[in-house]
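Structure below is input02.cif: mmCIF, C-alpha atoms and all ligand atoms.
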```cif
data_upload
#
loop_
_atom_site.label_atom_id
_atom_site.label_comp_id
_atom_site.auth_asym_id
_atom_site.auth_seq_id
_atom_site.Cartn_x
_atom_site.Cartn_y
_atom_site.Cartn_z
CA MET A 1 -10.31 77.58 38.90
CA PHE A 2 -13.32 76.96 41.13
CA PRO A 3 -16.64 78.75 40.85
CA LYS A 4 -17.83 81.04 43.65
CA GLU A 5 -20.13 79.44 46.19
CA PHE A 6 -23.74 79.05 45.07
CA GLN A 7 -27.03 77.52 46.21
CA TYR A 8 -28.31 74.62 44.14
CA ALA A 9 -31.90 73.64 43.28
CA SER A 10 -33.10 70.73 41.21
CA PRO A 11 -36.76 71.28 40.34
CA ARG A 12 -38.91 68.47 38.89
CA SER A 13 -41.30 70.58 36.82
CA VAL A 14 -41.49 73.66 34.63
CA GLN A 15 -43.87 75.26 37.13
CA GLU A 16 -41.43 74.77 40.01
CA THR A 17 -38.63 76.18 37.84
CA VAL A 18 -40.47 79.38 36.92
CA GLN A 19 -41.39 79.87 40.57
CA LEU A 20 -37.70 79.69 41.48
CA LEU A 21 -36.77 82.04 38.62
CA ASN A 22 -39.44 84.46 39.77
CA ARG A 23 -38.11 84.34 43.33
CA PHE A 24 -34.39 84.69 42.59
CA GLY A 25 -34.49 86.74 39.34
CA THR A 26 -31.12 88.01 38.14
CA GLU A 27 -29.32 86.16 40.95
CA ALA A 28 -30.24 82.79 39.44
CA LYS A 29 -29.08 80.89 36.38
CA ILE A 30 -30.59 77.85 34.73
CA LEU A 31 -28.18 74.93 34.39
CA ALA A 32 -28.89 72.79 31.29
CA GLY A 33 -25.93 70.93 29.72
CA GLY A 34 -23.47 73.18 31.56
CA GLN A 35 -21.17 73.27 28.54
CA SER A 36 -21.12 77.07 28.43
CA LEU A 37 -22.22 78.05 31.93
CA ILE A 38 -19.82 75.87 33.96
CA PRO A 39 -16.67 77.14 32.16
CA LEU A 40 -17.92 80.72 32.68
CA MET A 41 -18.50 80.00 36.39
CA LYS A 42 -15.07 78.44 36.75
CA LEU A 43 -13.52 81.55 35.22
CA ARG A 44 -15.80 83.62 37.50
CA ILE A 45 -17.15 85.51 34.51
CA ALA A 46 -20.55 84.28 35.75
CA SER A 47 -21.18 83.93 39.49
CA PRO A 48 -24.87 83.15 40.03
CA LYS A 49 -25.99 82.89 43.66
CA TYR A 50 -28.53 80.23 42.71
CA LEU A 51 -28.13 77.48 40.16
CA ILE A 52 -31.40 75.94 38.96
CA ASP A 53 -30.60 72.57 37.43
CA ILE A 54 -33.34 71.55 34.97
CA ASN A 55 -31.85 68.17 34.05
CA ARG A 56 -34.48 66.25 36.02
CA ILE A 57 -37.36 67.73 34.05
CA ARG A 58 -37.90 64.93 31.56
CA ASP A 59 -40.82 66.86 29.99
CA LEU A 60 -38.31 69.27 28.46
CA GLU A 61 -36.41 66.65 26.47
CA TYR A 62 -38.22 65.46 23.32
CA VAL A 63 -38.52 65.69 19.56
CA ARG A 64 -41.96 65.17 18.06
CA GLU A 65 -43.99 65.99 15.01
CA SER A 66 -47.17 67.99 15.48
CA GLY A 67 -49.07 68.84 12.29
CA GLU A 68 -46.80 71.00 10.14
CA PHE A 69 -44.21 71.50 12.88
CA LEU A 70 -41.32 69.67 14.48
CA LEU A 71 -41.33 70.43 18.19
CA ILE A 72 -38.13 70.21 20.19
CA GLY A 73 -37.93 70.42 23.99
CA ALA A 74 -35.37 72.99 25.15
CA LEU A 75 -33.39 70.35 27.07
CA THR A 76 -32.89 68.12 24.02
CA ARG A 77 -29.21 67.26 23.60
CA HIS A 78 -27.26 68.07 20.44
CA HIS A 79 -26.53 64.33 20.15
CA THR A 80 -30.25 63.45 20.06
CA LEU A 81 -30.82 65.91 17.23
CA GLU A 82 -27.80 64.57 15.37
CA ARG A 83 -29.09 60.97 15.53
CA SER A 84 -32.89 61.19 15.54
CA GLU A 85 -34.48 59.43 12.54
CA LEU A 86 -37.48 61.78 12.78
CA VAL A 87 -35.18 64.80 12.51
CA LYS A 88 -33.22 63.30 9.61
CA ASP A 89 -36.46 62.56 7.81
CA LYS A 90 -38.31 65.84 8.41
CA VAL A 91 -35.69 68.58 8.84
CA PRO A 92 -32.27 67.08 8.00
CA ILE A 93 -30.37 70.39 8.31
CA LEU A 94 -30.89 70.06 12.09
CA SER A 95 -29.00 66.81 12.15
CA GLU A 96 -26.24 68.27 9.96
CA THR A 97 -25.91 71.31 12.24
CA ALA A 98 -25.83 69.20 15.41
CA SER A 99 -23.06 67.01 14.01
CA SER A 100 -20.86 70.09 13.50
CA ILE A 101 -20.96 71.13 17.16
CA GLY A 102 -17.84 70.60 19.29
CA ASP A 103 -17.01 66.98 20.02
CA PRO A 104 -19.04 63.94 21.18
CA GLN A 105 -18.72 64.90 24.87
CA VAL A 106 -20.10 68.38 24.21
CA ARG A 107 -22.88 66.97 22.01
CA ASN A 108 -23.87 64.41 24.64
CA LEU A 109 -24.42 67.03 27.33
CA GLY A 110 -25.08 70.33 25.53
CA THR A 111 -28.67 71.26 24.77
CA ILE A 112 -30.27 73.21 21.96
CA GLY A 113 -32.09 75.43 24.48
CA GLY A 114 -28.87 76.24 26.36
CA SER A 115 -27.14 77.11 23.14
CA ILE A 116 -29.94 79.43 22.01
CA VAL A 117 -30.19 81.26 25.35
CA HIS A 118 -26.40 81.50 25.60
CA SER A 119 -26.63 83.42 22.28
CA ASP A 120 -23.03 83.07 21.24
CA PRO A 121 -22.72 84.44 17.66
CA ALA A 122 -20.28 81.54 17.10
CA GLY A 123 -22.91 78.98 18.19
CA ASP A 124 -24.02 76.82 15.28
CA TRP A 125 -27.73 76.56 16.14
CA GLY A 126 -28.46 80.27 15.66
CA ALA A 127 -27.90 80.40 11.90
CA THR A 128 -29.92 77.23 11.33
CA MET A 129 -32.80 78.52 13.49
CA ILE A 130 -32.83 81.70 11.37
CA ALA A 131 -32.74 79.77 8.06
CA LEU A 132 -35.64 77.59 9.27
CA ARG A 133 -37.66 80.50 10.74
CA ALA A 134 -37.93 78.70 14.07
CA SER A 135 -39.99 80.07 16.92
CA PHE A 136 -39.30 79.83 20.62
CA ASN A 137 -41.76 79.25 23.43
CA VAL A 138 -40.82 80.80 26.77
CA LYS A 139 -42.59 80.55 30.12
CA SER A 140 -42.57 82.52 33.34
CA LEU A 141 -44.98 82.98 36.26
CA ARG A 142 -46.35 85.91 34.25
CA GLY A 143 -47.44 83.57 31.45
CA GLU A 144 -46.20 82.28 28.13
CA ARG A 145 -44.98 83.95 24.94
CA SER A 146 -43.45 83.07 21.61
CA LEU A 147 -40.41 84.74 20.03
CA ASP A 148 -39.47 84.36 16.38
CA SER A 149 -35.97 83.81 15.01
CA ASP A 150 -35.60 87.51 14.13
CA HIS A 151 -36.10 88.49 17.76
CA ILE A 152 -34.61 85.74 19.95
CA PHE A 153 -31.03 87.07 19.87
CA SER A 154 -30.64 90.52 21.32
CA ASP A 155 -26.84 90.99 21.48
CA THR A 156 -23.61 89.05 21.88
CA LEU A 157 -24.18 86.45 24.62
CA THR A 158 -27.59 88.01 25.32
CA SER A 159 -30.93 86.50 24.37
CA SER A 160 -34.26 88.34 24.48
CA LEU A 161 -35.47 86.29 27.45
CA SER A 162 -36.07 88.10 30.75
CA PRO A 163 -34.26 86.73 33.82
CA ASP A 164 -37.51 85.12 35.06
CA GLU A 165 -38.20 83.28 31.77
CA LEU A 166 -37.49 79.67 30.85
CA LEU A 167 -37.13 78.56 27.23
CA THR A 168 -39.30 75.46 26.96
CA GLU A 169 -39.79 74.57 23.30
CA ILE A 170 -38.49 75.27 19.81
CA SER A 171 -40.93 74.97 16.97
CA ILE A 172 -39.71 74.36 13.42
CA PRO A 173 -41.97 74.56 10.34
CA ILE A 174 -41.46 71.27 8.45
CA PRO A 175 -40.44 72.11 4.86
CA PRO A 176 -42.39 70.46 1.97
CA ARG A 177 -40.76 67.11 1.27
CA ASP A 178 -40.19 66.93 -2.48
CA ARG A 179 -38.79 70.36 -3.42
CA SER A 180 -37.02 71.53 -0.28
CA GLY A 181 -33.41 71.32 0.78
CA GLY A 182 -31.21 72.61 3.54
CA ALA A 183 -27.49 72.69 4.26
CA TYR A 184 -25.18 73.91 7.01
CA GLU A 185 -21.59 74.60 5.96
CA LYS A 186 -19.10 75.35 8.70
CA PHE A 187 -15.54 76.56 8.25
CA GLU A 188 -13.46 75.68 11.31
CA ARG A 189 -9.72 75.72 12.01
CA LYS A 190 -9.82 72.11 13.17
CA VAL A 191 -12.44 69.51 14.00
CA GLY A 192 -14.36 70.45 17.15
CA ASP A 193 -13.63 74.17 16.93
CA PHE A 194 -16.13 77.00 16.92
CA ALA A 195 -16.90 78.36 13.44
CA THR A 196 -14.63 80.88 11.76
CA VAL A 197 -17.73 81.36 9.62
CA GLY A 198 -20.84 79.24 9.08
CA ALA A 199 -23.74 79.40 6.62
CA ALA A 200 -27.17 77.81 6.98
CA VAL A 201 -29.54 77.69 4.02
CA GLN A 202 -33.08 76.33 3.81
CA ILE A 203 -34.89 76.60 0.48
CA THR A 204 -38.11 75.57 -1.18
CA LEU A 205 -38.25 75.60 -4.98
CA ASP A 206 -41.26 76.39 -7.14
CA LYS A 207 -43.26 73.51 -8.64
CA ALA A 208 -41.09 73.45 -11.79
CA LYS A 209 -38.00 73.20 -9.53
CA LYS A 210 -36.43 76.09 -11.35
CA ALA A 211 -36.78 79.11 -9.08
CA PHE A 212 -36.62 79.94 -5.36
CA GLU A 213 -40.08 80.07 -3.81
CA LYS A 214 -38.83 80.37 -0.22
CA ILE A 215 -35.39 80.94 1.17
CA GLY A 216 -33.82 81.39 4.61
CA ILE A 217 -30.15 82.25 5.11
CA GLY A 218 -28.47 82.43 8.52
CA LEU A 219 -24.80 83.15 9.18
CA THR A 220 -22.53 82.16 12.09
CA SER A 221 -19.65 84.18 13.59
CA VAL A 222 -19.86 87.19 11.29
CA ALA A 223 -21.88 89.67 13.38
CA PRO A 224 -22.57 90.44 17.07
CA THR A 225 -25.35 87.81 16.95
CA SER A 226 -26.24 84.95 14.62
CA MET A 227 -27.30 86.88 11.56
CA ARG A 228 -30.03 86.72 8.93
CA ALA A 229 -28.69 87.61 5.47
CA ARG A 230 -31.83 89.46 4.43
CA ARG A 231 -30.56 91.14 1.30
CA ALA A 232 -29.07 87.90 0.03
CA GLU A 233 -32.44 86.17 0.64
CA GLU A 234 -34.28 88.93 -1.24
CA SER A 235 -31.85 88.72 -4.14
CA LEU A 236 -32.81 85.06 -4.72
CA LEU A 237 -36.54 85.08 -4.07
CA GLY A 238 -38.44 84.27 -7.27
CA ARG A 239 -35.23 83.99 -9.28
CA ASP A 240 -33.87 80.94 -11.11
CA VAL A 241 -31.34 78.60 -9.54
CA THR A 242 -28.29 79.56 -11.60
CA LEU A 243 -24.66 79.74 -10.60
CA ALA A 244 -24.62 83.46 -11.43
CA ASN A 245 -27.56 84.12 -9.08
CA LEU A 246 -26.05 82.03 -6.27
CA ASP A 247 -22.75 83.82 -6.68
CA GLU A 248 -24.45 87.20 -6.55
CA ALA A 249 -26.37 86.27 -3.38
CA ALA A 250 -23.19 84.99 -1.70
CA THR A 251 -21.43 88.26 -2.57
CA ILE A 252 -24.33 90.27 -1.13
CA ALA A 253 -24.24 88.23 2.09
CA SER A 254 -20.51 88.77 2.45
CA GLU A 255 -21.16 92.52 2.18
CA GLU A 256 -24.01 92.36 4.71
CA ALA A 257 -21.83 90.47 7.20
CA ARG A 258 -20.16 92.44 9.98
CA PRO A 259 -17.27 90.25 11.10
CA ILE A 260 -14.45 91.48 13.30
CA ASP A 261 -10.70 90.95 13.13
CA ASP A 262 -9.53 88.38 15.62
CA VAL A 263 -6.11 86.94 16.25
CA LEU A 264 -7.29 83.33 16.35
CA ARG A 265 -9.55 83.04 13.32
CA GLY A 266 -8.44 85.83 11.00
CA SER A 267 -9.24 89.28 9.73
CA ALA A 268 -12.68 90.66 8.98
CA GLU A 269 -11.73 90.74 5.29
CA PHE A 270 -10.81 87.03 5.35
CA LYS A 271 -14.09 86.15 7.10
CA ARG A 272 -16.07 88.09 4.50
CA ALA A 273 -14.30 86.16 1.74
CA MET A 274 -15.01 82.86 3.53
CA THR A 275 -18.67 83.85 4.03
CA LYS A 276 -19.00 84.08 0.27
CA VAL A 277 -17.31 80.72 -0.31
CA PHE A 278 -19.20 78.80 2.37
CA LEU A 279 -22.58 80.34 1.65
CA LYS A 280 -22.23 79.50 -2.03
CA ARG A 281 -21.38 75.91 -1.09
CA ALA A 282 -24.43 75.74 1.18
CA LEU A 283 -26.68 77.17 -1.55
CA ILE A 284 -25.44 74.64 -4.10
CA LYS A 285 -25.88 71.77 -1.65
CA ALA A 286 -29.37 72.91 -0.62
CA ALA A 287 -30.43 73.27 -4.27
CA GLY A 288 -29.15 69.75 -5.01
CA ARG A 289 -31.04 68.36 -2.04
CA ALA A 290 -34.20 70.16 -3.22
CA GLY A 291 -33.98 68.28 -6.52
CA VAL A 292 -31.99 70.51 -8.86
CA ILE A 293 -29.94 68.10 -10.95
CA GLU A 294 -27.57 70.54 -12.61
CA ILE A 295 -26.95 74.21 -11.87
CA GLU A 296 -25.83 76.22 -14.89
C1 LIG B 301 -15.14 72.34 24.26
C2 LIG B 301 -16.43 72.95 23.78
C3 LIG B 301 -16.62 73.08 22.41
C4 LIG B 301 -17.81 73.63 21.93
N1 LIG B 301 -17.98 73.76 20.58
C5 LIG B 301 -19.12 74.28 20.10
C6 LIG B 301 -19.33 74.40 18.70
O1 LIG B 301 -18.51 74.03 17.87
N2 LIG B 301 -20.51 74.93 18.28
C7 LIG B 301 -21.49 75.35 19.17
O2 LIG B 301 -22.53 75.82 18.73
N3 LIG B 301 -21.31 75.23 20.50
C8 LIG B 301 -20.16 74.71 20.99
N4 LIG B 301 -19.99 74.60 22.35
C9 LIG B 301 -21.06 75.11 23.25
C10 LIG B 301 -22.09 74.01 23.46
O3 LIG B 301 -22.85 73.83 22.30
C11 LIG B 301 -23.05 74.30 24.63
O4 LIG B 301 -23.72 73.13 24.86
C12 LIG B 301 -24.12 75.35 24.43
O5 LIG B 301 -23.57 76.58 24.07
C13 LIG B 301 -24.88 75.63 25.73
O6 LIG B 301 -25.77 74.60 26.00
P1 LIG B 301 -25.86 73.95 27.43
O7 LIG B 301 -27.03 73.08 27.43
O8 LIG B 301 -24.55 73.37 27.80
O9 LIG B 301 -26.20 75.25 28.34
P2 LIG B 301 -25.64 75.73 29.74
O10 LIG B 301 -24.17 75.91 29.67
O11 LIG B 301 -26.19 74.90 30.83
O12 LIG B 301 -26.36 77.17 29.79
C14 LIG B 301 -25.99 78.20 28.90
C15 LIG B 301 -26.82 79.45 29.23
O13 LIG B 301 -28.17 79.28 28.87
C16 LIG B 301 -29.04 79.40 30.02
N5 LIG B 301 -30.08 78.37 29.82
C17 LIG B 301 -29.86 77.06 29.50
N6 LIG B 301 -31.03 76.46 29.23
C18 LIG B 301 -32.01 77.39 29.40
C19 LIG B 301 -33.43 77.38 29.26
N7 LIG B 301 -34.08 76.27 28.86
N8 LIG B 301 -34.12 78.52 29.50
C20 LIG B 301 -33.46 79.66 29.89
N9 LIG B 301 -32.12 79.73 30.04
C21 LIG B 301 -31.40 78.61 29.78
C22 LIG B 301 -28.13 79.18 31.21
O14 LIG B 301 -28.63 79.82 32.38
C23 LIG B 301 -26.84 79.80 30.73
O15 LIG B 301 -26.89 81.19 30.85
C24 LIG B 301 -18.81 74.06 22.85
C25 LIG B 301 -18.63 73.90 24.23
C26 LIG B 301 -17.44 73.36 24.69
C27 LIG B 301 -17.26 73.18 26.17
#
```
As structure tokens - that is how I would like this structure written.
Ligand SMILES: Cc1cc2nc3c(=O)[nH]c(=O)nc-3n(C[C@H](O)[C@H](O)[C@H](O)COP(=O)(O)OP(=O)(O)OC[C@H]3O[C@@H](n4cnc5c(N)ncnc54)[C@H](O)[C@@H]3O)c2cc1C
Amino acid sequence: MFPKEFQYASPRSVQETVQLLNRFGTEAKILAGGQSLIPLMKLRIASPKYLIDINRIRDLEYVRESGEFLLIGALTRHHTLERSELVKDKVPILSETASSIGDPQVRNLGTIGGSIVHSDPAGDWGATMIALRASFNVKSLRGERSLDSDHIFSDTLTSSLSPDELLTEISIPIPPRDRSGGAYEKFERKVGDFATVGAAVQITLDKAKKAFEKIGIGLTSVAPTSMRARRAEESLLGRDVTLANLDEAATIASEEARPIDDVLRGSAEFKRAMTKVFLKRALIKAAGRAGVIEIE
């Protein structure tokens, strides 16, 4: 199918973009990688009157270290995050998450910012952003504000951005090097598919490398939005890295999850069971990467 007719703008700066957003409001849509928006327009589920293509704003595409943070421009492609040596060195779970998204074509065009604002609960970035406690910088003509990972997703396919706001930057706290580990485990029907369930874990161990000092757990595809498994996090905080504790946390997360039955990817009960399995795998992997040699 073909999209409905629309007007097209290709601004060269963030300022020009927010002016256009301010002028056209709910009638406009930002075009980033187009990997979600264009299919929706072709199906006429979305029919914006104005398309604001941000692909010429080079200032929105970067990955850089700034003090204790990794800063990522909203227009940075999944592929860049998959391959970047800086990312692999500082926050490797980002690279692992990126590599699980779709196929090379999708990763070459799709952007992290587009994925976040699209707010698909089956999108892989959401869980990892939650596990990492990322924050999100948004701009409009009214000014600038920052949203944290607990507040960026408002509902299924709905972010907390207002129609006149542009997501510009994602800020990730860099975990301490020698006793931190992260892992993203995705269960998919076949390579390139959206997640049936996904689990992102980012941990920091105490100095003895025995107990959890910090932990973030995000889940994909098991709730109306990407979901923080709060009770599972709390169950591990300050406790030793043992198989029994990891198992208990994974069980708690599977109870916190709110998946739905769907004909393609299985029943809610099945997804709960898979949440437990894949979260436990992610916890074991993250603990290993943080320096735990053997988990008893
Ligand atoms: C075949 C296929 C397979 C896929 N598989 C996966 C998968 O396995 N895992 C996964 O996570 N994703 C998957 N995707 C989705 C993909 O990751 C998209 O790239 C992503 O969801 C949207 O990013 P985009 O840059 O393409 O955004 P676009 O499609 O351009 O935009 C998406 C939405 O975000 C808004 N937007 C974009 N950027 C901004 C911004 N900076 N500020 C404000 N609003 C903005 C747009 O207006 C639009 O509403 C798949 C897509 C396809 C086509």
In terms of the shortest atom-to-atom distance over all atoms listed in the file, which of A:Met274, A:Leu60, A:Leu31, A:Leu147 is closest to Thr196 (chain A)?
->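 Of A:Met274, A:Leu60, A:Leu31, A:Leu147, the one nearest Thr196 (chain A), counting all atoms listed in the file, is A:Met274.
Each of A:Thr128, A:Ser66, A:Ser140, A:Thr168 was checked against ligand LIG 301 (chain B) using all atoms listed in the file; the smallest atom-to-atom distance is that of A:Thr168.
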Please check which protein, DNA or RNA residues sit within 7 Å of ligand LIG 301 (chain B), counting all atoms listed in the file, and write them as an MDAnalysis selection string.
-> chainID A and resid 29:38 74:75 100:103 106:107 109:115 117:118 122:125 165:168 192:195
Restrict the selected residues to C-alpha atoms and save them as a PDB file, in the coordinates of the input.
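Result written to selection.pdb:
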```
ATOM      1  CA  LYS A  29     -29.080  80.890  36.380  1.00  0.00           C
ATOM      2  CA  ILE A  30     -30.590  77.850  34.730  1.00  0.00           C
ATOM      3  CA  LEU A  31     -28.180  74.930  34.390  1.00  0.00           C
ATOM      4  CA  ALA A  32     -28.890  72.790  31.290  1.00  0.00           C
ATOM      5  CA  GLY A  33     -25.930  70.930  29.720  1.00  0.00           C
ATOM      6  CA  GLY A  34     -23.470  73.180  31.560  1.00  0.00           C
ATOM      7  CA  GLN A  35     -21.170  73.270  28.540  1.00  0.00           C
ATOM      8  CA  SER A  36     -21.120  77.070  28.430  1.00  0.00           C
ATOM      9  CA  LEU A  37     -22.220  78.050  31.930  1.00  0.00           C
ATOM     10  CA  ILE A  38     -19.820  75.870  33.960  1.00  0.00           C
ATOM     11  CA  ALA A  74     -35.370  72.990  25.150  1.00  0.00           C
ATOM     12  CA  LEU A  75     -33.390  70.350  27.070  1.00  0.00           C
ATOM     13  CA  SER A 100     -20.860  70.090  13.500  1.00  0.00           C
ATOM     14  CA  ILE A 101     -20.960  71.130  17.160  1.00  0.00           C
ATOM     15  CA  GLY A 102     -17.840  70.600  19.290  1.00  0.00           C
ATOM     16  CA  ASP A 103     -17.010  66.980  20.020  1.00  0.00           C
ATOM     17  CA  VAL A 106     -20.100  68.380  24.210  1.00  0.00           C
ATOM     18  CA  ARG A 107     -22.880  66.970  22.010  1.00  0.00           C
ATOM     19  CA  LEU A 109     -24.420  67.030  27.330  1.00  0.00           C
ATOM     20  CA  GLY A 110     -25.080  70.330  25.530  1.00  0.00           C
ATOM     21  CA  THR A 111     -28.670  71.260  24.770  1.00  0.00           C
ATOM     22  CA  ILE A 112     -30.270  73.210  21.960  1.00  0.00           C
ATOM     23  CA  GLY A 113     -32.090  75.430  24.480  1.00  0.00           C
ATOM     24  CA  GLY A 114     -28.870  76.240  26.360  1.00  0.00           C
ATOM     25  CA  SER A 115     -27.140  77.110  23.140  1.00  0.00           C
ATOM     26  CA  VAL A 117     -30.190  81.260  25.350  1.00  0.00           C
ATOM     27  CA  HIS A 118     -26.400  81.500  25.600  1.00  0.00           C
ATOM     28  CA  ALA A 122     -20.280  81.540  17.100  1.00  0.00           C
ATOM     29  CA  GLY A 123     -22.910  78.980  18.190  1.00  0.00           C
ATOM     30  CA  ASP A 124     -24.020  76.820  15.280  1.00  0.00           C
ATOM     31  CA  TRP A 125     -27.730  76.560  16.140  1.00  0.00           C
ATOM     32  CA  GLU A 165     -38.200  83.280  31.770  1.00  0.00           C
ATOM     33  CA  LEU A 166     -37.490  79.670  30.850  1.00  0.00           C
ATOM     34  CA  LEU A 167     -37.130  78.560  27.230  1.00  0.00           C
ATOM     35  CA  THR A 168     -39.300  75.460  26.960  1.00  0.00           C
ATOM     36  CA  GLY A 192     -14.360  70.450  17.150  1.00  0.00           C
ATOM     37  CA  ASP A 193     -13.630  74.170  16.930  1.00  0.00           C
ATOM     38  CA  PHE A 194     -16.130  77.000  16.920  1.00  0.00           C
ATOM     39  CA  ALA A 195     -16.900  78.360  13.440  1.00  0.00           C
TER      40      ALA A 195
END
```
Computed interatomic separation between CA of Phe278 (chain A) and CA of Ser84 (chain A) (Å) |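 Atom-to-atom, CA of Phe278 (chain A) to CA of Ser84 (chain A), that is 25.9 Å.
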So which residues touch region 208-223 of chain A within 8 Å, counting all atoms listed in the file, skipping near sequence neighbours fewer than 5 positions away, as an MDAnalysis selection string?
-> chainID A and resid 121:124 126:133 179 195:203 228:230 232:233 236:241 257:260 271:272 290:292
Quote the spacing between CA of Gly67 (chain A) and CA of Asn137 (chain A) in Å to one decimal place.
->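 One can read the CA of Gly67 (chain A) to CA of Asn137 (chain A) distance as 16.9 Å.
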Find the residues near Asp178 (chain A): any atom within 12 Å, counting only C-alpha atoms, skip ones fewer than 2 places away on the same chain, and give them as a list in words.
->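 What passes the distance filter is Asp89, Lys90, Ile174, Pro175, Pro176, Ser180, Gly181, Ile203, Thr204, Leu205, Asp206, Lys207, Ala208, Lys209, Ala287, Gly288, Arg289, Ala290, Gly291 and Val292 of chain A.
Between CA of Gly266 (chain A) and CA of Asp155 (chain A) the interatomic distance comes to 21.8 Å.
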Nearest to Pro48 (chain A), chosen from A:Ser154, A:Thr26, A:Thr275, A:Ser160, with all atoms listed in the file counted in the distances |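 So, comparing all the options, the nearest one is A:Thr26.
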Skip region 39-41 of chain A itself and residues of its chain fewer than 4 positions away, then list as a PyMOL selection string all residues within 10 Å of it, counting only C-alpha atoms.
-> chain A and resi 1-5+34-35+45-48
Top pick for closest residue to Glu65 (chain A), considering A:Ser267, A:Asn245, A:Ser10, A:Ser171 and counting all atoms listed in the file |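 Of A:Ser267, A:Asn245, A:Ser10, A:Ser171, the one nearest Glu65 (chain A) is A:Ser171, counting all atoms listed in the file.
If you count all atoms listed in the file and ignore residues fewer than 2 places along the chain from Glu248 (chain A), what sits within 10 Å of it is Ala232, Ser235, Leu236, Thr242, Leu243, Ala244, Asn245, Leu246, Ala250, Thr251, Ile252, Ala253, Ser254, Lys276 and Lys280 of chain A.
Compared by their closest atoms to Ala268 (chain A), and using all atoms listed in the file, the residues A:Glu27, A:Glu169, A:Glu255, A:Asp164 rank with A:Glu255 nearest.
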So that all listed atoms of region 162-166 of chain A fit with 4 Å spare on each side, what axis-aligned box centre and edge lengths in Å, to one decimal, would you give as AutoDock Vina command-line options?
```
--center_x -36.2 --center_y 83.9 --center_z 32.9 --size_x 11.9 --size_y 16.4 --size_z 12.3
```
Would you be able to write out as a list in words which residues have an atom within 12 Å of (-36.9, 84.1, 41.1) in the file's coordinates, counting all atoms listed in the file?
->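 Result, sorted by chain then residue number: Ala9, Gln15, Glu16, Thr17, Val18, Gln19, Leu20, Leu21, Asn22, Arg23, Phe24, Gly25, Thr26, Glu27, Ala28, Lys29, Ile30, Lys49, Tyr50, Leu51, Ile52, Ser140, Leu141, Arg142, Ser162, Pro163, Asp164, Glu165 and Leu166 of chain A.
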